[in-house]
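As provided, final_33.cif (mmCIF, C-alpha atoms and all ligand atoms) reads as follows.
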```
data_entry
loop_
_atom_site.group_PDB
_atom_site.id
_atom_site.type_symbol
_atom_site.label_atom_id
_atom_site.label_comp_id
_atom_site.auth_asym_id
_atom_site.auth_seq_id
_atom_site.Cartn_x
_atom_site.Cartn_y
_atom_site.Cartn_z
ATOM 1 C CA MET A 615 -3.615 17.261 -19.649
ATOM 2 C CA ALA A 616 -6.002 18.108 -22.511
ATOM 3 C CA ILE A 617 -8.928 17.736 -20.118
ATOM 4 C CA GLU A 618 -7.214 19.963 -17.585
ATOM 5 C CA GLY A 619 -6.802 22.543 -20.342
ATOM 6 C CA GLY A 620 -10.535 22.413 -21.110
ATOM 7 C CA ALA A 621 -11.039 19.773 -23.827
ATOM 8 C CA ASP A 622 -14.682 18.686 -23.685
ATOM 9 C CA THR A 623 -14.349 15.582 -25.860
ATOM 10 C CA ILE A 624 -11.509 13.096 -26.186
ATOM 11 C CA GLN A 625 -11.141 10.727 -29.104
ATOM 12 C CA PHE A 626 -9.561 7.336 -28.449
ATOM 13 C CA ARG A 627 -7.439 6.776 -31.497
ATOM 14 C CA GLN A 628 -5.126 3.786 -31.480
ATOM 15 C CA LYS A 629 -4.424 1.890 -34.666
ATOM 16 C CA ASP A 630 -1.987 -0.766 -33.412
ATOM 17 C CA GLY A 631 -2.279 -3.479 -30.811
ATOM 18 C CA SER A 632 -4.416 -6.530 -30.154
ATOM 19 C CA THR A 633 -8.108 -6.099 -29.446
ATOM 20 C CA ARG A 634 -7.365 -7.016 -25.834
ATOM 21 C CA GLU A 635 -4.777 -4.251 -25.582
ATOM 22 C CA LEU A 636 -7.092 -1.752 -27.238
ATOM 23 C CA VAL A 637 -9.947 -2.539 -24.837
ATOM 24 C CA GLU A 638 -7.596 -2.067 -21.909
ATOM 25 C CA SER A 639 -6.262 1.281 -23.062
ATOM 26 C CA ALA A 640 -9.684 2.558 -24.165
ATOM 27 C CA GLN A 641 -11.048 1.541 -20.755
ATOM 28 C CA ALA A 642 -8.281 3.453 -18.987
ATOM 29 C CA VAL A 643 -9.057 6.559 -21.063
ATOM 30 C CA GLN A 644 -12.778 6.164 -20.406
ATOM 31 C CA VAL A 645 -12.130 6.099 -16.647
ATOM 32 C CA VAL A 646 -10.240 9.394 -16.836
ATOM 33 C CA CYS A 647 -12.937 10.949 -19.055
ATOM 34 C CA ALA A 648 -15.741 9.784 -16.741
ATOM 35 C CA GLU A 649 -13.934 11.133 -13.679
ATOM 36 C CA HIS A 650 -13.875 14.555 -15.314
ATOM 37 C CA GLY A 651 -17.282 14.493 -16.970
ATOM 38 C CA VAL A 652 -15.759 14.561 -20.444
ATOM 39 C CA SER A 653 -17.136 12.624 -23.436
ATOM 40 C CA LEU A 654 -15.095 9.839 -24.998
ATOM 41 C CA VAL A 655 -15.494 9.044 -28.677
ATOM 42 C CA VAL A 656 -13.829 5.865 -29.942
ATOM 43 C CA ASN A 657 -12.349 6.007 -33.425
ATOM 44 C CA ASP A 658 -12.932 3.200 -35.983
ATOM 45 C CA ARG A 659 -14.351 0.536 -33.666
ATOM 46 C CA ALA A 660 -17.974 0.067 -32.623
ATOM 47 C CA ASP A 661 -17.057 -2.930 -30.470
ATOM 48 C CA LEU A 662 -14.558 -0.911 -28.432
ATOM 49 C CA ALA A 663 -16.999 1.974 -28.040
ATOM 50 C CA LEU A 664 -19.610 -0.448 -26.696
ATOM 51 C CA ALA A 665 -17.117 -2.358 -24.562
ATOM 52 C CA VAL A 666 -16.017 0.710 -22.618
ATOM 53 C CA GLY A 667 -19.353 2.533 -22.580
ATOM 54 C CA ALA A 668 -18.074 5.452 -24.635
ATOM 55 C CA ALA A 669 -20.311 8.413 -25.415
ATOM 56 C CA GLY A 670 -19.650 8.013 -29.117
ATOM 57 C CA ALA A 671 -18.034 6.216 -32.024
ATOM 58 C CA HIS A 672 -16.409 7.752 -35.084
ATOM 59 C CA PHE A 673 -16.269 6.098 -38.489
ATOM 60 C CA GLY A 674 -14.367 6.952 -41.639
ATOM 61 C CA GLN A 675 -15.274 6.018 -45.186
ATOM 62 C CA ASP A 676 -13.552 2.618 -44.870
ATOM 63 C CA ASP A 677 -14.970 1.799 -41.450
ATOM 64 C CA LEU A 678 -18.365 0.517 -40.384
ATOM 65 C CA PRO A 679 -21.052 2.209 -42.520
ATOM 66 C CA ILE A 680 -22.900 4.873 -40.516
ATOM 67 C CA ALA A 681 -26.250 3.172 -41.189
ATOM 68 C CA VAL A 682 -24.942 -0.077 -39.708
ATOM 69 C CA GLY A 683 -23.481 1.736 -36.710
ATOM 70 C CA ARG A 684 -26.840 3.414 -36.146
ATOM 71 C CA ARG A 685 -28.574 0.026 -36.280
ATOM 72 C CA ILE A 686 -26.286 -1.851 -33.899
ATOM 73 C CA LEU A 687 -25.287 0.864 -31.423
ATOM 74 C CA PRO A 688 -27.517 2.193 -28.637
ATOM 75 C CA PRO A 689 -29.756 5.070 -29.802
ATOM 76 C CA LYS A 690 -28.129 7.492 -27.385
ATOM 77 C CA MET A 691 -24.631 6.839 -28.683
ATOM 78 C CA ILE A 692 -23.165 9.746 -30.661
ATOM 79 C CA ILE A 693 -22.031 8.679 -34.126
ATOM 80 C CA GLY A 694 -19.553 10.768 -36.053
ATOM 81 C CA ALA A 695 -18.577 10.373 -39.683
ATOM 82 C CA SER A 696 -15.529 11.505 -41.604
ATOM 83 C CA ALA A 697 -16.741 12.890 -44.927
ATOM 84 C CA ARG A 698 -14.888 15.082 -47.401
ATOM 85 C CA THR A 699 -17.405 15.867 -50.130
ATOM 86 C CA GLU A 700 -20.853 17.415 -50.143
ATOM 87 C CA GLU A 701 -22.320 14.125 -51.366
ATOM 88 C CA LYS A 702 -20.666 12.054 -48.619
ATOM 89 C CA ILE A 703 -21.635 14.570 -45.947
ATOM 90 C CA LEU A 704 -25.306 14.553 -46.941
ATOM 91 C CA GLU A 705 -25.298 10.762 -47.214
ATOM 92 C CA ALA A 706 -23.776 10.337 -43.732
ATOM 93 C CA ILE A 707 -26.317 12.738 -42.244
ATOM 94 C CA SER A 708 -29.226 11.016 -43.997
ATOM 95 C CA VAL A 709 -28.363 7.695 -42.364
ATOM 96 C CA GLY A 710 -27.919 9.118 -38.904
ATOM 97 C CA ALA A 711 -24.529 10.764 -38.358
ATOM 98 C CA ASP A 712 -24.708 13.228 -35.450
ATOM 99 C CA TYR A 713 -21.679 15.232 -36.551
ATOM 100 C CA ILE A 714 -19.251 15.333 -39.455
ATOM 101 C CA GLY A 715 -15.470 15.359 -39.170
ATOM 102 C CA PHE A 716 -14.144 17.409 -42.085
ATOM 103 C CA GLY A 717 -10.532 17.793 -43.141
ATOM 104 C CA PRO A 718 -7.691 18.055 -43.422
ATOM 105 C CA ILE A 719 -8.193 21.799 -43.352
ATOM 106 C CA TYR A 720 -4.443 22.436 -43.474
ATOM 107 C CA GLN A 721 -1.356 20.317 -44.078
ATOM 108 C CA THR A 722 -0.987 17.629 -41.416
ATOM 109 C CA SER A 723 1.780 15.214 -40.562
ATOM 110 C CA SER A 724 -0.340 13.247 -38.083
ATOM 111 C CA LYS A 725 -2.258 11.245 -40.701
ATOM 112 C CA PRO A 726 -0.041 9.640 -43.350
ATOM 113 C CA ASP A 727 -2.911 8.972 -45.778
ATOM 114 C CA ALA A 728 -4.548 12.385 -45.415
ATOM 115 C CA GLU A 729 -5.789 14.040 -48.596
ATOM 116 C CA LEU A 730 -4.577 17.442 -49.777
ATOM 117 C CA PRO A 731 -5.674 20.325 -47.530
ATOM 118 C CA LYS A 732 -9.284 21.371 -48.147
ATOM 119 C CA GLY A 733 -8.942 24.933 -46.895
ATOM 120 C CA LEU A 734 -11.356 27.348 -45.284
ATOM 121 C CA GLU A 735 -13.550 27.984 -48.337
ATOM 122 C CA ALA A 736 -14.480 24.304 -48.576
ATOM 123 C CA LEU A 737 -15.103 24.275 -44.825
ATOM 124 C CA ARG A 738 -17.435 27.235 -45.189
ATOM 125 C CA ARG A 739 -19.385 25.529 -48.008
ATOM 126 C CA MET A 740 -19.690 22.250 -46.108
ATOM 127 C CA SER A 741 -20.808 24.039 -42.939
ATOM 128 C CA GLU A 742 -23.552 25.711 -44.936
ATOM 129 C CA ILE A 743 -24.940 22.493 -46.439
ATOM 130 C CA ALA A 744 -24.624 20.273 -43.360
ATOM 131 C CA GLN A 745 -27.585 20.217 -41.006
ATOM 132 C CA CYS A 746 -25.372 19.022 -38.162
ATOM 133 C CA PRO A 747 -22.180 20.189 -36.468
ATOM 134 C CA ILE A 748 -18.966 20.097 -38.497
ATOM 135 C CA ILE A 749 -15.803 19.345 -36.561
ATOM 136 C CA ALA A 750 -12.786 20.617 -38.469
ATOM 137 C CA ILE A 751 -9.522 18.681 -38.301
ATOM 138 C CA GLY A 752 -6.067 18.701 -39.791
ATOM 139 C CA GLY A 753 -3.151 20.992 -39.031
ATOM 140 C CA ILE A 754 -5.203 23.313 -36.830
ATOM 141 C CA THR A 755 -3.232 25.329 -34.287
ATOM 142 C CA ALA A 756 -3.943 28.154 -31.851
ATOM 143 C CA GLU A 757 -2.943 30.520 -34.662
ATOM 144 C CA THR A 758 -5.675 29.198 -36.977
ATOM 145 C CA ALA A 759 -8.434 28.019 -34.592
ATOM 146 C CA TYR A 760 -10.113 31.434 -34.729
ATOM 147 C CA GLU A 761 -10.457 31.506 -38.531
ATOM 148 C CA VAL A 762 -11.585 27.866 -38.586
ATOM 149 C CA ILE A 763 -14.461 28.558 -36.195
ATOM 150 C CA ARG A 764 -15.279 31.757 -38.057
ATOM 151 C CA SER A 765 -15.497 29.664 -41.238
ATOM 152 C CA GLY A 766 -18.432 27.735 -39.805
ATOM 153 C CA ALA A 767 -16.918 24.870 -37.840
ATOM 154 C CA HIS A 768 -18.804 23.934 -34.689
ATOM 155 C CA GLY A 769 -15.585 22.717 -33.120
ATOM 156 C CA ILE A 770 -12.040 21.616 -33.825
ATOM 157 C CA ALA A 771 -10.160 18.368 -33.334
ATOM 158 C CA VAL A 772 -6.405 18.432 -32.965
ATOM 159 C CA ILE A 773 -3.579 16.024 -32.354
ATOM 160 C CA SER A 774 -0.209 17.766 -32.664
ATOM 161 C CA ALA A 775 -1.320 21.211 -31.433
ATOM 162 C CA VAL A 776 -1.866 19.597 -28.034
ATOM 163 C CA CYS A 777 0.040 16.303 -27.992
ATOM 164 C CA ALA A 778 3.281 17.609 -29.526
ATOM 165 C CA HIS A 779 3.209 20.817 -27.504
ATOM 166 C CA ALA A 780 5.670 21.215 -24.637
ATOM 167 C CA ASP A 781 2.771 22.283 -22.397
ATOM 168 C CA PRO A 782 -0.426 20.446 -23.451
ATOM 169 C CA VAL A 783 -2.508 22.096 -20.707
ATOM 170 C CA ALA A 784 -1.571 25.613 -21.793
ATOM 171 C CA ALA A 785 -1.913 24.646 -25.467
ATOM 172 C CA THR A 786 -5.488 23.425 -24.915
ATOM 173 C CA ARG A 787 -6.368 26.553 -22.923
ATOM 174 C CA HIS A 788 -4.998 28.695 -25.718
ATOM 175 C CA LEU A 789 -7.097 26.798 -28.299
ATOM 176 C CA TRP A 790 -10.219 27.214 -26.137
ATOM 177 C CA GLY A 791 -9.566 30.907 -25.812
ATOM 178 C CA GLU A 792 -9.400 31.232 -29.597
ATOM 179 C CA ILE A 793 -12.593 29.186 -30.066
ATOM 180 C CA GLN A 794 -14.444 31.370 -27.577
ATOM 181 C CA ARG A 795 -13.120 34.562 -29.138
ATOM 182 C CA ALA A 796 -14.458 33.368 -32.514
ATOM 183 C CA GLU A 797 -17.795 32.221 -31.043
ATOM 184 C CA ASN A 798 -18.307 35.597 -29.418
ATOM 185 C CA ARG A 799 -18.155 37.216 -32.856
ATOM 186 C CA LYS A 800 -20.571 34.806 -34.550
HETATM 187 N N1 LIG B 1 -7.976 13.286 -40.025
HETATM 188 C C1 LIG B 1 -7.774 14.269 -40.892
HETATM 189 S S1 LIG B 1 -6.367 15.150 -40.526
HETATM 190 C C2 LIG B 1 -6.056 14.197 -39.153
HETATM 191 C C3 LIG B 1 -7.040 13.235 -39.035
HETATM 192 C C4 LIG B 1 -7.107 12.212 -38.006
HETATM 193 C C5 LIG B 1 -4.875 14.407 -38.275
HETATM 194 C C6 LIG B 1 -4.993 15.604 -37.389
HETATM 195 O O1 LIG B 1 -3.831 15.793 -36.647
HETATM 196 P P1 LIG B 1 -3.121 17.225 -36.473
HETATM 197 O O2 LIG B 1 -1.807 16.913 -35.819
HETATM 198 O O3 LIG B 1 -4.005 18.033 -35.595
HETATM 199 O O4 LIG B 1 -2.943 17.804 -37.849
HETATM 200 MG MG MG B 2 -11.243 5.313 -39.358
#
```

What is this structure when it is put down as structure tokens?
Amino acid sequence: MAIEGGADTIQFRQKDGSTRELVESAQAVQVVCAEHGVSLVVNDRADLALAVGAAGAHFGQDDLPIAVGRRILPPKMIIGASARTEEKILEAISVGADYIGFGPIYQTSSKPDAELPKGLEALRRMSEIAQCPIIAIGGITAETAYEVIRSGAHGIAVISAVCAHADPVAATRHLWGEIQRAENRK
């Protein structure tokens, strides 16, 4: 439904289950993404990303180091890094991260161990120092997507704004509309 609403990248994000189960569900998601020409990025796991031929892999500060991911993954694979400080952002970029996931921007209930909200000012600062796209995440809704993009984010990543919405297709369309409205004023 997110793809139907216009999402151009899907992250496979599943924390529980055996490796066998994860490969099977990631594969099923990859099939849907491939059918629609949408990129799949696998969270946390380089092996899963490789196994299903994903476009990218995303690593947090406790996951595979970005430098190791860069070494063992195919050169064309997109590698994303979660980084929350200027130092960590610059470090991730220096070892080969293609984009930075930055957040939470606002309060979120989708990630139990999320830090306190970073806010738009921090997003603006990080967007200025990073020489790669910043994808903002955390509590972003159609009401705030505009200001998030205007604060320098290249894109947004959401869970609840789409997945907990009664109409995920319309919710994604609404988010896209807000992103485009903000882009048009950049
Ligand atoms: N990382 C930082 S906040 C977050 C992740 C994975 C959760 C985002 O979910 P939501 O529902 O869009 O706030
Ligand atoms: Mg992780």

Sorted by chain and rising residue number, list the residues of chain A at most 9 Å from ligand MG 2 (chain B) (counting all atoms listed in the file), each with its closest atom pair and distance in Å to one decimal, as a tab-separated table.
```
residue	atom	partner	partner_atom	distance
A:Arg627	CA	B:MG2	MG	8.9
A:Lys629	CA	B:MG2	MG	9.0
A:Asn657	CA	B:MG2	MG	6.1
A:Asp658	CA	B:MG2	MG	4.3
A:Arg659	CA	B:MG2	MG	8.1
A:His672	CA	B:MG2	MG	7.1
A:Phe673	CA	B:MG2	MG	5.2
A:Gly674	CA	B:MG2	MG	4.2
A:Gln675	CA	B:MG2	MG	7.1
A:Asp676	CA	B:MG2	MG	6.6
A:Asp677	CA	B:MG2	MG	5.5
A:Leu678	CA	B:MG2	MG	8.6
A:Ala695	CA	B:MG2	MG	8.9
A:Ser696	CA	B:MG2	MG	7.9
```

Exercise answer, 10 Å around ligand LIG 1 (chain B) with all atoms listed in the file, as an MDAnalysis selection string: chainID A and resid 625 627 657 674 696:698 715:731 750:755 770:778

request  = Run the PyMOL selection byres (((chain A and resi 631-636) around 12) and not hetatm) mentally over the shown coordinates, then write out the matched residues as a PyMOL selection string, using the chain letters and numbers from the document.
outcome  = chain A and resi 626-630+637-644+656-659+661-663+665-666

Given the file shown, determine the residues that the PyMOL selection byres (((chain A and resi 756) around 10) and not hetatm) selects; report them as a count of residues only. 18

Counting all atoms listed in the file, the residue among A:Val709, A:Ala784, A:Ala616, A:Val645 that lies closest to A:Gly683 is A:Val709

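When all atoms listed in the file are used to compute distances to A:Val762, the closest of the residues A:Ile617, A:Val682, A:Leu737, A:Ala706 turns out to be A:Leu737.
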
For this session: Have a look at A:Asp712, A:Cys647, A:Arg685, A:Met615 and name the one nearest to A:Ala780; count only C-alpha atoms.
Result: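 Closest to A:Ala780 of all the choices is A:Met615.
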
Of A:Ile707, A:Ile693, A:Ala796, A:Ala648, the one sitting nearest A:Ala660 when using all atoms listed in the file is A:Ile693

| request: In Å, rounded to a single decimal, give me how far atom CA of A:Val646 is from atom CA of A:Ala621. | output: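 Going from atom CA of A:Ala621 over to atom CA of A:Val646, I get 12.5 Å.
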
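One distance worth recording is that between atom CA of A:Thr623 and atom CA of A:Ser653, which is 4.7 Å.
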
Padded axis-aligned box of stretch 781-796 of chain A (4 Å per side), centre and edge lengths, Å, one decimal, as AutoDock Vina command-line options:
```
--center_x -5.8 --center_y 27.5 --center_z -26.6 --size_x 25.2 --size_y 22.1 --size_z 19.8
```

Would you please take stretch 635-766 of chain A of the structure in the block above and write C-alpha atoms to a file as a PDB file, in the first residue's frame?
```pdb
ATOM      1  CA  GLU A 635      11.946 -16.792   8.641  1.00  0.00           C
ATOM      2  CA  LEU A 636      13.616 -13.439   8.075  1.00  0.00           C
ATOM      3  CA  VAL A 637      15.039 -14.517   4.707  1.00  0.00           C
ATOM      4  CA  GLU A 638      11.604 -15.703   3.651  1.00  0.00           C
ATOM      5  CA  SER A 639       9.816 -12.508   4.607  1.00  0.00           C
ATOM      6  CA  ALA A 640      12.567 -10.250   3.231  1.00  0.00           C
ATOM      7  CA  GLN A 641      12.417 -12.225  -0.025  1.00  0.00           C
ATOM      8  CA  ALA A 642       8.653 -11.745  -0.236  1.00  0.00           C
ATOM      9  CA  VAL A 643       9.070  -7.989   0.284  1.00  0.00           C
ATOM     10  CA  GLN A 644      11.859  -7.861  -2.292  1.00  0.00           C
ATOM     11  CA  VAL A 645       9.584  -9.516  -4.869  1.00  0.00           C
ATOM     12  CA  VAL A 646       6.918  -6.856  -4.341  1.00  0.00           C
ATOM     13  CA  CYS A 647       9.518  -4.056  -4.479  1.00  0.00           C
ATOM     14  CA  ALA A 648      11.086  -5.450  -7.668  1.00  0.00           C
ATOM     15  CA  GLU A 649       7.684  -5.792  -9.333  1.00  0.00           C
ATOM     16  CA  HIS A 650       7.109  -2.089  -8.746  1.00  0.00           C
ATOM     17  CA  GLY A 651      10.621  -0.821  -9.390  1.00  0.00           C
ATOM     18  CA  VAL A 652      11.037   0.294  -5.787  1.00  0.00           C
ATOM     19  CA  SER A 653      14.290  -0.007  -3.804  1.00  0.00           C
ATOM     20  CA  LEU A 654      14.476  -2.305  -0.797  1.00  0.00           C
ATOM     21  CA  VAL A 655      16.843  -1.504   2.045  1.00  0.00           C
ATOM     22  CA  VAL A 656      17.337  -4.198   4.687  1.00  0.00           C
ATOM     23  CA  ASN A 657      17.763  -3.004   8.255  1.00  0.00           C
ATOM     24  CA  ASP A 658      20.511  -4.413  10.541  1.00  0.00           C
ATOM     25  CA  ARG A 659      21.553  -7.431   8.470  1.00  0.00           C
ATOM     26  CA  ALA A 660      24.109  -7.541   5.661  1.00  0.00           C
ATOM     27  CA  ASP A 661      23.502 -11.258   5.138  1.00  0.00           C
ATOM     28  CA  LEU A 662      19.782 -10.734   4.536  1.00  0.00           C
ATOM     29  CA  ALA A 663      20.431  -7.810   2.199  1.00  0.00           C
ATOM     30  CA  LEU A 664      22.786  -9.993   0.157  1.00  0.00           C
ATOM     31  CA  ALA A 665      20.525 -13.039   0.322  1.00  0.00           C
ATOM     32  CA  VAL A 666      17.559 -11.258  -1.238  1.00  0.00           C
ATOM     33  CA  GLY A 667      19.491  -8.972  -3.582  1.00  0.00           C
ATOM     34  CA  ALA A 668      18.339  -5.799  -1.854  1.00  0.00           C
ATOM     35  CA  ALA A 669      19.354  -2.389  -3.165  1.00  0.00           C
ATOM     36  CA  GLY A 670      20.742  -1.434   0.220  1.00  0.00           C
ATOM     37  CA  ALA A 671      21.526  -2.235   3.830  1.00  0.00           C
ATOM     38  CA  HIS A 672      21.105   0.018   6.849  1.00  0.00           C
ATOM     39  CA  PHE A 673      23.243  -0.167   9.971  1.00  0.00           C
ATOM     40  CA  GLY A 674      22.905   1.453  13.367  1.00  0.00           C
ATOM     41  CA  GLN A 675      25.666   2.178  15.843  1.00  0.00           C
ATOM     42  CA  ASP A 676      25.447  -1.343  17.318  1.00  0.00           C
ATOM     43  CA  ASP A 677      25.259  -3.133  13.980  1.00  0.00           C
ATOM     44  CA  LEU A 678      27.934  -4.028  11.460  1.00  0.00           C
ATOM     45  CA  PRO A 679      30.434  -1.140  11.233  1.00  0.00           C
ATOM     46  CA  ILE A 680      29.931   0.839   8.014  1.00  0.00           C
ATOM     47  CA  ALA A 681      33.557   0.238   6.981  1.00  0.00           C
ATOM     48  CA  VAL A 682      33.055  -3.521   7.266  1.00  0.00           C
ATOM     49  CA  GLY A 683      29.781  -3.351   5.354  1.00  0.00           C
ATOM     50  CA  ARG A 684      31.536  -1.397   2.612  1.00  0.00           C
ATOM     51  CA  ARG A 685      34.267  -4.046   2.449  1.00  0.00           C
ATOM     52  CA  ILE A 686      32.037  -7.116   2.293  1.00  0.00           C
ATOM     53  CA  LEU A 687      29.034  -5.841   0.332  1.00  0.00           C
ATOM     54  CA  PRO A 688      28.972  -5.292  -3.436  1.00  0.00           C
ATOM     55  CA  PRO A 689      30.203  -1.806  -4.426  1.00  0.00           C
ATOM     56  CA  LYS A 690      26.840  -0.895  -5.917  1.00  0.00           C
ATOM     57  CA  MET A 691      24.932  -1.670  -2.737  1.00  0.00           C
ATOM     58  CA  ILE A 692      23.601   1.425  -0.959  1.00  0.00           C
ATOM     59  CA  ILE A 693      24.755   1.593   2.656  1.00  0.00           C
ATOM     60  CA  GLY A 694      22.908   3.731   5.153  1.00  0.00           C
ATOM     61  CA  ALA A 695      24.010   4.601   8.663  1.00  0.00           C
ATOM     62  CA  SER A 696      22.074   5.763  11.690  1.00  0.00           C
ATOM     63  CA  ALA A 697      24.084   8.546  13.313  1.00  0.00           C
ATOM     64  CA  ARG A 698      22.954  11.115  15.860  1.00  0.00           C
ATOM     65  CA  THR A 699      25.948  13.386  16.393  1.00  0.00           C
ATOM     66  CA  GLU A 700      28.097  15.467  14.084  1.00  0.00           C
ATOM     67  CA  GLU A 701      31.097  13.279  14.911  1.00  0.00           C
ATOM     68  CA  LYS A 702      29.270  10.016  14.144  1.00  0.00           C
ATOM     69  CA  ILE A 703      27.810  11.427  10.937  1.00  0.00           C
ATOM     70  CA  LEU A 704      31.199  12.528   9.610  1.00  0.00           C
ATOM     71  CA  GLU A 705      32.769   9.225  10.646  1.00  0.00           C
ATOM     72  CA  ALA A 706      30.069   7.182   8.869  1.00  0.00           C
ATOM     73  CA  ILE A 707      30.462   9.263   5.714  1.00  0.00           C
ATOM     74  CA  SER A 708      34.258   8.977   5.792  1.00  0.00           C
ATOM     75  CA  VAL A 709      34.065   5.183   5.716  1.00  0.00           C
ATOM     76  CA  GLY A 710      31.527   5.023   2.938  1.00  0.00           C
ATOM     77  CA  ALA A 711      27.951   5.616   4.106  1.00  0.00           C
ATOM     78  CA  ASP A 712      25.772   6.732   1.178  1.00  0.00           C
ATOM     79  CA  TYR A 713      23.128   8.362   3.360  1.00  0.00           C
ATOM     80  CA  ILE A 714      22.544   9.105   7.027  1.00  0.00           C
ATOM     81  CA  GLY A 715      19.401   8.266   8.974  1.00  0.00           C
ATOM     82  CA  PHE A 716      18.951  10.983  11.595  1.00  0.00           C
ATOM     83  CA  GLY A 717      16.443  11.024  14.426  1.00  0.00           C
ATOM     84  CA  PRO A 718      14.223  10.806  16.227  1.00  0.00           C
ATOM     85  CA  ILE A 719      13.160  14.244  15.077  1.00  0.00           C
ATOM     86  CA  TYR A 720      10.001  14.119  17.196  1.00  0.00           C
ATOM     87  CA  GLN A 721       8.648  11.838  19.906  1.00  0.00           C
ATOM     88  CA  THR A 722       8.117   8.308  18.599  1.00  0.00           C
ATOM     89  CA  SER A 723       6.438   5.255  20.040  1.00  0.00           C
ATOM     90  CA  SER A 724       7.691   2.939  17.287  1.00  0.00           C
ATOM     91  CA  LYS A 725      11.220   2.542  18.678  1.00  0.00           C
ATOM     92  CA  PRO A 726      11.333   1.694  22.389  1.00  0.00           C
ATOM     93  CA  ASP A 727      15.017   2.611  22.795  1.00  0.00           C
ATOM     94  CA  ALA A 728      14.841   5.862  20.830  1.00  0.00           C
ATOM     95  CA  GLU A 729      16.704   8.839  22.267  1.00  0.00           C
ATOM     96  CA  LEU A 730      15.007  12.117  23.164  1.00  0.00           C
ATOM     97  CA  PRO A 731      13.710  14.050  20.140  1.00  0.00           C
ATOM     98  CA  LYS A 732      16.466  15.948  18.322  1.00  0.00           C
ATOM     99  CA  GLY A 733      14.242  18.593  16.764  1.00  0.00           C
ATOM    100  CA  LEU A 734      14.469  20.614  13.583  1.00  0.00           C
ATOM    101  CA  GLU A 735      17.416  22.813  14.590  1.00  0.00           C
ATOM    102  CA  ALA A 736      19.671  19.783  15.035  1.00  0.00           C
ATOM    103  CA  LEU A 737      18.394  18.416  11.725  1.00  0.00           C
ATOM    104  CA  ARG A 738      19.287  21.682  10.032  1.00  0.00           C
ATOM    105  CA  ARG A 739      22.824  21.636  11.498  1.00  0.00           C
ATOM    106  CA  MET A 740      23.414  18.008  10.530  1.00  0.00           C
ATOM    107  CA  SER A 741      22.112  18.600   7.002  1.00  0.00           C
ATOM    108  CA  GLU A 742      24.599  21.427   6.636  1.00  0.00           C
ATOM    109  CA  ILE A 743      27.641  19.397   7.715  1.00  0.00           C
ATOM    110  CA  ALA A 744      26.775  16.136   5.947  1.00  0.00           C
ATOM    111  CA  GLN A 745      28.026  15.755   2.397  1.00  0.00           C
ATOM    112  CA  CYS A 746      25.376  13.131   1.687  1.00  0.00           C
ATOM    113  CA  PRO A 747      21.595  12.884   1.939  1.00  0.00           C
ATOM    114  CA  ILE A 748      20.046  12.956   5.410  1.00  0.00           C
ATOM    115  CA  ILE A 749      16.904  10.896   5.866  1.00  0.00           C
ATOM    116  CA  ALA A 750      14.933  12.186   8.835  1.00  0.00           C
ATOM    117  CA  ILE A 751      13.003   9.732  11.000  1.00  0.00           C
ATOM    118  CA  GLY A 752      10.964   9.646  14.160  1.00  0.00           C
ATOM    119  CA  GLY A 753       7.418  10.830  14.748  1.00  0.00           C
ATOM    120  CA  ILE A 754       7.112  12.465  11.330  1.00  0.00           C
ATOM    121  CA  THR A 755       3.573  12.893  10.026  1.00  0.00           C
ATOM    122  CA  ALA A 756       1.902  14.622   7.087  1.00  0.00           C
ATOM    123  CA  GLU A 757       1.542  17.648   9.370  1.00  0.00           C
ATOM    124  CA  THR A 758       5.312  17.906   9.906  1.00  0.00           C
ATOM    125  CA  ALA A 759       6.817  16.462   6.690  1.00  0.00           C
ATOM    126  CA  TYR A 760       6.911  19.919   5.096  1.00  0.00           C
ATOM    127  CA  GLU A 761       8.962  21.536   7.881  1.00  0.00           C
ATOM    128  CA  VAL A 762      11.271  18.510   8.058  1.00  0.00           C
ATOM    129  CA  ILE A 763      12.152  18.769   4.366  1.00  0.00           C
ATOM    130  CA  ARG A 764      12.465  22.534   4.676  1.00  0.00           C
ATOM    131  CA  SER A 765      14.947  21.938   7.509  1.00  0.00           C
ATOM    132  CA  GLY A 766      17.330  20.227   5.103  1.00  0.00           C
TER     133      GLY A 766
END
```
